[in-house]
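Novice: One file is attached below, upload_9.csv, containing CSV, C-alpha atoms.
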chain,number,residue,atom,x,y,z
M,1,MET,CA,-134.5,-12.6,28.5
M,2,SER,CA,-135.6,-15.7,30.3
M,3,ASN,CA,-134.8,-16.4,33.9
M,4,ASN,CA,-134.3,-20.1,33.0
M,5,ILE,CA,-130.6,-20.6,33.0
M,6,TYR,CA,-131.1,-23.8,31.0
M,7,ALA,CA,-132.9,-22.1,28.1
M,8,THR,CA,-131.5,-21.9,24.6
M,9,PRO,CA,-129.8,-18.6,23.9
M,10,LEU,CA,-132.1,-16.3,21.9
M,11,SER,CA,-129.2,-14.7,19.9
M,12,ASN,CA,-129.2,-15.1,16.1
M,13,LEU,CA,-126.0,-17.0,15.6
M,14,ASP,CA,-126.6,-17.3,11.9
M,15,GLU,CA,-125.6,-13.7,11.2
M,16,ARG,CA,-121.9,-14.4,11.9
M,17,VAL,CA,-121.9,-17.3,9.5
M,18,GLN,CA,-123.6,-15.2,6.8
M,19,SER,CA,-121.0,-12.4,7.1
M,20,GLU,CA,-118.1,-14.9,6.8
M,21,THR,CA,-119.3,-16.7,3.7
M,22,SER,CA,-118.2,-13.9,1.4
M,23,ASP,CA,-114.7,-14.7,2.5
M,24,ARG,CA,-115.0,-18.4,1.7
M,25,PHE,CA,-112.3,-18.0,-1.0
M,26,TYR,CA,-109.4,-15.6,-1.6
M,27,VAL,CA,-110.6,-12.4,-3.2
M,28,VAL,CA,-107.8,-10.5,-5.0
M,29,SER,CA,-107.9,-8.0,-7.9
M,30,ILE,CA,-106.8,-9.4,-11.3
M,31,ARG,CA,-104.2,-6.6,-11.5
M,32,LYS,CA,-102.6,-7.5,-8.2
M,33,MET,CA,-102.7,-11.3,-9.0
M,34,MET,CA,-101.0,-10.8,-12.4
M,35,ILE,CA,-98.3,-8.6,-11.0
M,36,LEU,CA,-97.5,-11.1,-8.2
M,37,SER,CA,-97.7,-14.1,-10.5
M,38,PHE,CA,-95.1,-12.8,-12.9
M,39,ALA,CA,-92.9,-10.7,-10.5
M,40,THR,CA,-92.5,-13.7,-8.2
M,41,ALA,CA,-91.6,-16.1,-11.0
M,42,GLY,CA,-94.7,-18.2,-10.3
M,43,LEU,CA,-94.1,-18.6,-6.6
M,44,TYR,CA,-97.3,-16.7,-6.0
M,45,PHE,CA,-99.3,-19.7,-7.3
M,46,VAL,CA,-98.5,-21.6,-4.2
M,47,TYR,CA,-99.6,-18.8,-2.0
M,48,TRP,CA,-102.8,-18.3,-4.1
M,49,ASN,CA,-103.7,-22.0,-3.6
M,50,PHE,CA,-102.9,-21.8,0.1
M,51,LYS,CA,-105.1,-18.7,0.7
M,52,HIS,CA,-108.0,-20.3,-1.1
M,53,TRP,CA,-107.8,-23.5,1.0
M,54,SER,CA,-107.1,-21.6,4.2
M,55,ASN,CA,-110.2,-19.4,3.7
M,56,TYR,CA,-112.2,-22.4,2.8
M,57,LYS,CA,-111.2,-24.3,5.9
M,58,HIS,CA,-111.8,-21.3,8.1
M,59,THR,CA,-115.3,-20.6,6.8
M,60,THR,CA,-116.6,-24.1,6.4
M,61,GLY,CA,-114.8,-25.9,9.2
M,62,ASP,CA,-113.9,-28.7,6.8
M,63,ASP,CA,-110.9,-30.7,7.9
M,64,VAL,CA,-108.5,-29.7,5.0
M,65,TRP,CA,-104.8,-29.0,5.3
M,66,PRO,CA,-104.1,-25.8,3.3
M,67,VAL,CA,-100.3,-26.1,3.2
M,68,PRO,CA,-100.0,-29.6,1.7
M,69,ARG,CA,-102.9,-28.7,-0.7
M,70,ALA,CA,-101.0,-25.6,-1.8
M,71,ILE,CA,-97.7,-27.4,-2.2
M,72,PHE,CA,-99.1,-30.4,-4.0
M,73,ASN,CA,-101.8,-28.3,-5.8
M,74,VAL,CA,-101.6,-30.5,-9.0
M,75,PHE,CA,-103.6,-33.1,-7.0
M,76,PHE,CA,-106.1,-30.6,-5.6
M,77,THR,CA,-106.8,-28.1,-8.4
M,78,HIS,CA,-109.9,-29.9,-9.6
M,79,SER,CA,-111.3,-30.2,-6.0
M,80,LEU,CA,-110.7,-26.5,-5.3
M,81,PHE,CA,-112.2,-25.4,-8.6
M,82,HIS,CA,-115.3,-27.6,-8.0
M,83,LYS,CA,-115.8,-25.9,-4.6
M,84,ILE,CA,-115.5,-22.5,-6.3
M,85,GLU,CA,-118.0,-23.6,-9.0
M,86,ASP,CA,-120.5,-24.7,-6.3
M,87,TYR,CA,-120.3,-21.5,-4.4
M,88,ASP,CA,-122.1,-18.2,-5.2
M,89,VAL,CA,-122.9,-15.7,-2.5
M,90,THR,CA,-124.7,-13.5,-5.1
M,91,GLY,CA,-126.9,-16.2,-6.6
M,92,GLU,CA,-126.5,-14.6,-9.9
M,93,ARG,CA,-123.5,-16.3,-11.5
M,94,PRO,CA,-124.1,-18.5,-14.5
M,95,ALA,CA,-122.8,-22.1,-14.6
M,96,TRP,CA,-119.0,-22.3,-14.8
M,97,SER,CA,-117.1,-25.2,-16.2
M,98,SER,CA,-114.3,-25.4,-13.7
M,99,ASP,CA,-112.9,-28.6,-15.3
M,100,GLY,CA,-112.3,-26.5,-18.5
M,101,VAL,CA,-109.8,-24.4,-16.5
M,102,ALA,CA,-108.5,-26.9,-14.0
M,103,THR,CA,-107.6,-29.6,-16.5
M,104,PRO,CA,-105.2,-27.5,-18.6
M,105,ILE,CA,-103.5,-26.2,-15.4
M,106,VAL,CA,-102.9,-29.8,-14.2
M,107,LEU,CA,-101.6,-30.8,-17.6
M,108,ILE,CA,-99.2,-27.9,-17.7
M,109,TYR,CA,-97.9,-28.7,-14.2
M,110,ILE,CA,-97.4,-32.4,-15.3
M,111,ALA,CA,-95.7,-31.4,-18.5
M,112,ASN,CA,-93.5,-28.9,-16.6
M,113,TYR,CA,-92.4,-31.8,-14.3
M,114,VAL,CA,-92.0,-34.5,-17.0
M,115,LEU,CA,-90.4,-32.7,-19.9
M,116,PRO,CA,-87.2,-31.8,-18.2
M,117,ARG,CA,-86.7,-35.4,-17.2
M,118,LEU,CA,-87.3,-36.7,-20.8
M,119,LEU,CA,-85.3,-34.1,-22.7
M,120,PRO,CA,-81.6,-33.4,-22.2
M,121,SER,CA,-80.9,-30.3,-20.1
M,122,SER,CA,-80.8,-27.3,-22.3
M,123,ARG,CA,-81.6,-23.6,-22.5
M,124,LEU,CA,-84.8,-24.4,-24.3
M,125,VAL,CA,-86.1,-26.8,-21.6
M,126,THR,CA,-85.3,-24.2,-18.9
M,127,LEU,CA,-86.9,-21.4,-20.9
M,128,LEU,CA,-90.0,-23.5,-21.5
M,129,SER,CA,-90.3,-24.3,-17.8
M,130,PHE,CA,-90.3,-20.6,-17.0
M,131,LEU,CA,-92.6,-19.7,-19.8
M,132,THR,CA,-95.3,-22.0,-18.4
M,133,ILE,CA,-96.0,-19.2,-15.9
M,134,ILE,CA,-97.8,-17.4,-18.7
M,135,PRO,CA,-100.6,-20.0,-19.4
M,136,ILE,CA,-100.9,-20.9,-15.8
M,137,ALA,CA,-101.4,-17.3,-14.8
M,138,LEU,CA,-103.9,-16.7,-17.6
M,139,LEU,CA,-105.9,-19.8,-16.5
M,140,LEU,CA,-105.8,-18.9,-12.8
M,141,LYS,CA,-107.0,-15.4,-13.9
M,142,LYS,CA,-110.2,-17.1,-15.2
M,143,ALA,CA,-110.7,-18.9,-11.9
M,144,GLN,CA,-110.0,-15.7,-10.0
M,145,VAL,CA,-112.6,-13.8,-12.0
M,146,GLU,CA,-115.1,-16.4,-10.9
M,147,VAL,CA,-114.0,-16.3,-7.3
M,148,ASN,CA,-114.3,-12.5,-7.2
M,149,ALA,CA,-117.8,-12.5,-8.8
M,150,ARG,CA,-119.1,-15.4,-6.8
M,151,SER,CA,-117.9,-13.7,-3.6
M,152,GLY,CA,-119.7,-10.4,-4.4
M,153,ASP,CA,-116.5,-8.4,-5.2
M,154,PRO,CA,-116.2,-8.7,-9.0
M,155,THR,CA,-113.3,-6.3,-9.3
M,156,GLY,CA,-111.5,-7.6,-6.2
M,157,SER,CA,-111.3,-4.1,-5.0
M,158,SER,CA,-111.1,-5.2,-1.4
M,159,ASN,CA,-107.6,-6.7,-2.1
M,160,ASP,CA,-106.1,-4.5,-4.8
M,161,SER,CA,-103.2,-2.7,-3.2
M,162,LEU,CA,-99.7,-4.1,-3.0
M,163,THR,CA,-98.5,-4.5,0.6
M,164,GLY,CA,-94.9,-4.3,1.8
M,165,ALA,CA,-94.8,-8.1,1.9
M,166,ASN,CA,-96.0,-8.2,-1.7
M,167,ILE,CA,-93.2,-5.9,-2.7
M,168,GLY,CA,-90.7,-8.0,-0.8
M,169,TRP,CA,-91.8,-11.1,-2.6
M,170,CYS,CA,-91.6,-9.3,-5.9
M,171,VAL,CA,-88.0,-8.3,-5.2
M,172,PHE,CA,-87.2,-11.9,-4.4
M,173,GLY,CA,-89.0,-13.0,-7.6
M,174,VAL,CA,-86.9,-10.6,-9.7
M,175,LEU,CA,-83.8,-12.2,-8.2
M,176,VAL,CA,-85.1,-15.6,-9.2
M,177,TRP,CA,-85.7,-14.3,-12.7
M,178,LEU,CA,-82.2,-12.9,-12.9
M,179,LEU,CA,-80.7,-16.1,-11.6
M,180,ALA,CA,-82.7,-18.1,-14.1
M,181,PHE,CA,-81.6,-15.8,-16.9
M,182,VAL,CA,-78.0,-16.2,-16.0
M,183,GLY,CA,-78.5,-19.9,-15.8
M,184,VAL,CA,-80.0,-20.1,-19.2
M,185,MET,CA,-77.2,-18.0,-20.7
M,186,ALA,CA,-74.5,-20.1,-19.0
M,187,ALA,CA,-76.0,-23.4,-20.1
M,188,HIS,CA,-74.0,-25.2,-22.9
Now, as a test, write the supplied structure out as structure tokens.
Specialist:
Amino acid sequence: MSNNIYATPLSNLDERVQSETSDRFYVVSIRKMMILSFATAGLYFVYWNFKHWSNYKHTTGDDVWPVPRAIFNVFFTHSLFHKIEDYDVTGERPAWSSDGVATPIVLIYIANYVLPRLLPSSRLVTLLSFLTIIPIALLLKKAQVEVNARSGDPTGSSNDSLTGANIGWCVFGVLVWLLAFVGVMAAH
């Protein structure tokens, strides 16, 4: 230690940054992600996007707003996936075509918004809207596999158990599913 009070600190401040980089994106097991995706009737997708942008903002210091990016994720899906593609804490991941996953997700979101406005309201339109949860979840699964592997936790074991809040959201999602089912059955 130097007696010079104006000297630069000798501490290695880079160690803190290195330990945080593995949390740049939201690591979650595929099992948990799929349970929450379907049990919450797709509401989990908003949270999933929020957590990725929130972690990204926290670790990089970039001036991004996670809440609007999560709500309006159709506009930010490609950007998020490009950031995931460019990141690899392991240095061992092969190239990943993020556009091949992001583009279908965006197209499904757009179709899910446009089709009900073009077609007359019917059971089929409502059913199709809810069924889009399946391809979106499967595409997000591909992205999550990349996130987990690129973050050094390929199985997502660090975030595999369901919390009380997760279960609460699942109960809420089941109510949404029930109301949707009643709505589809009651439609003319």
Novice: Counting all atoms listed in the file, which of M:Leu179, M:Met33, M:Ala7, M:Leu128 gets nearest to Leu162 in chain M?
Specialist: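 So, comparing all the options, the nearest one is M:Met33.
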Novice: Any idea what's packed within 7 Å of range 82-87 of chain M, counting all atoms listed in the file, ignoring anything in its chain fewer than 6 positions away? Could you give it as JSON, numbers by chain?
Specialist: {"M": [96, 98, 147, 150]}
Novice: Could you jot down the CA of Val145 in chain M to CA of Tyr26 in chain M separation for me, Å, one decimal place?
Specialist: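 Separating CA of Val145 in chain M from CA of Tyr26 in chain M is a distance of 11.0 Å.
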Novice: Using 9 Å as the limit and counting all atoms listed in the file, can you tabulate each residue of range 69-129 of chain M that touches range 152-158 of chain M, with its shortest atom-to-atom distance in Å and the two atoms involved, as CSV?
Specialist:
residue,atom,partner,partner_atom,distance
M:Asp88,CA,M:Gly152,CA,8.2
M:Val89,CA,M:Gly152,CA,6.5
M:Thr90,CA,M:Gly152,CA,5.9
Novice: Report, in Å with one decimal, the straight-line distance from CA of Ala137 in chain M to CA of Ser37 in chain M.
Specialist: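 Going from CA of Ala137 in chain M over to CA of Ser37 in chain M, I get 6.5 Å.
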Novice: Go ahead and find all residues with at least one atom no further than 9 Å from (-110.0, -27.6, -3.8) in the file's coordinates, using all atoms listed in the file; report them as a count of residues only.
Specialist: 15
Novice: Could you tell me which of M:Val125, M:Val174, M:Leu139, M:Leu131 comes closest to Thr103 in chain M if we count all atoms listed in the file?
Specialist: M:Leu139
Novice: Could you check the closest approach to Leu36 in chain M for each of M:Cys170, M:Val182, M:Ile71, M:Val176 and tell me which residue wins, using only C-alpha atoms?
Specialist: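 Result for the nearest residue to Leu36 in chain M: M:Cys170.
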Novice: Which is closest to Thr59 in chain M among M:Phe72, M:Gly91, M:Leu119, M:Phe25, if we use all atoms listed in the file?
Specialist: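 Between M:Phe72, M:Gly91, M:Leu119, M:Phe25, the residue approaching Thr59 in chain M most closely is M:Phe25.
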Novice: In terms of the shortest atom-to-atom distance over only C-alpha atoms, which of M:Met185, M:Leu127, M:Ile133, M:Ile167 is closest to Ala41 in chain M?
Specialist: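 Checking each candidate against Ala41 in chain M, we get M:Ile133 as the closest.
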Novice: Between M:Val184, M:Val106, M:Ile30, M:Val101, which residue has the minimum interatomic distance to Phe75 in chain M, considering all atoms listed in the file?
Specialist: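 So, comparing all the options, the nearest one is M:Val106.
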Novice: For the atom pair CA of Pro135 in chain M and CA of Glu92 in chain M, what is the interatomic distance in Å to one decimal place?
Specialist: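 Distance between the two atoms: 28.1 Å.
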Novice: Which protein, DNA or RNA residues have an atom at most 10 Å from (-76.5, -22.0, -22.1), counting only C-alpha atoms? List them as a list in words.
Specialist: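 In the file's frame, the residues around the point are Ser121, Ser122, Arg123, Leu124, Thr126, Phe181, Val182, Gly183, Val184, Met185, Ala186, Ala187 and His188 of chain M.
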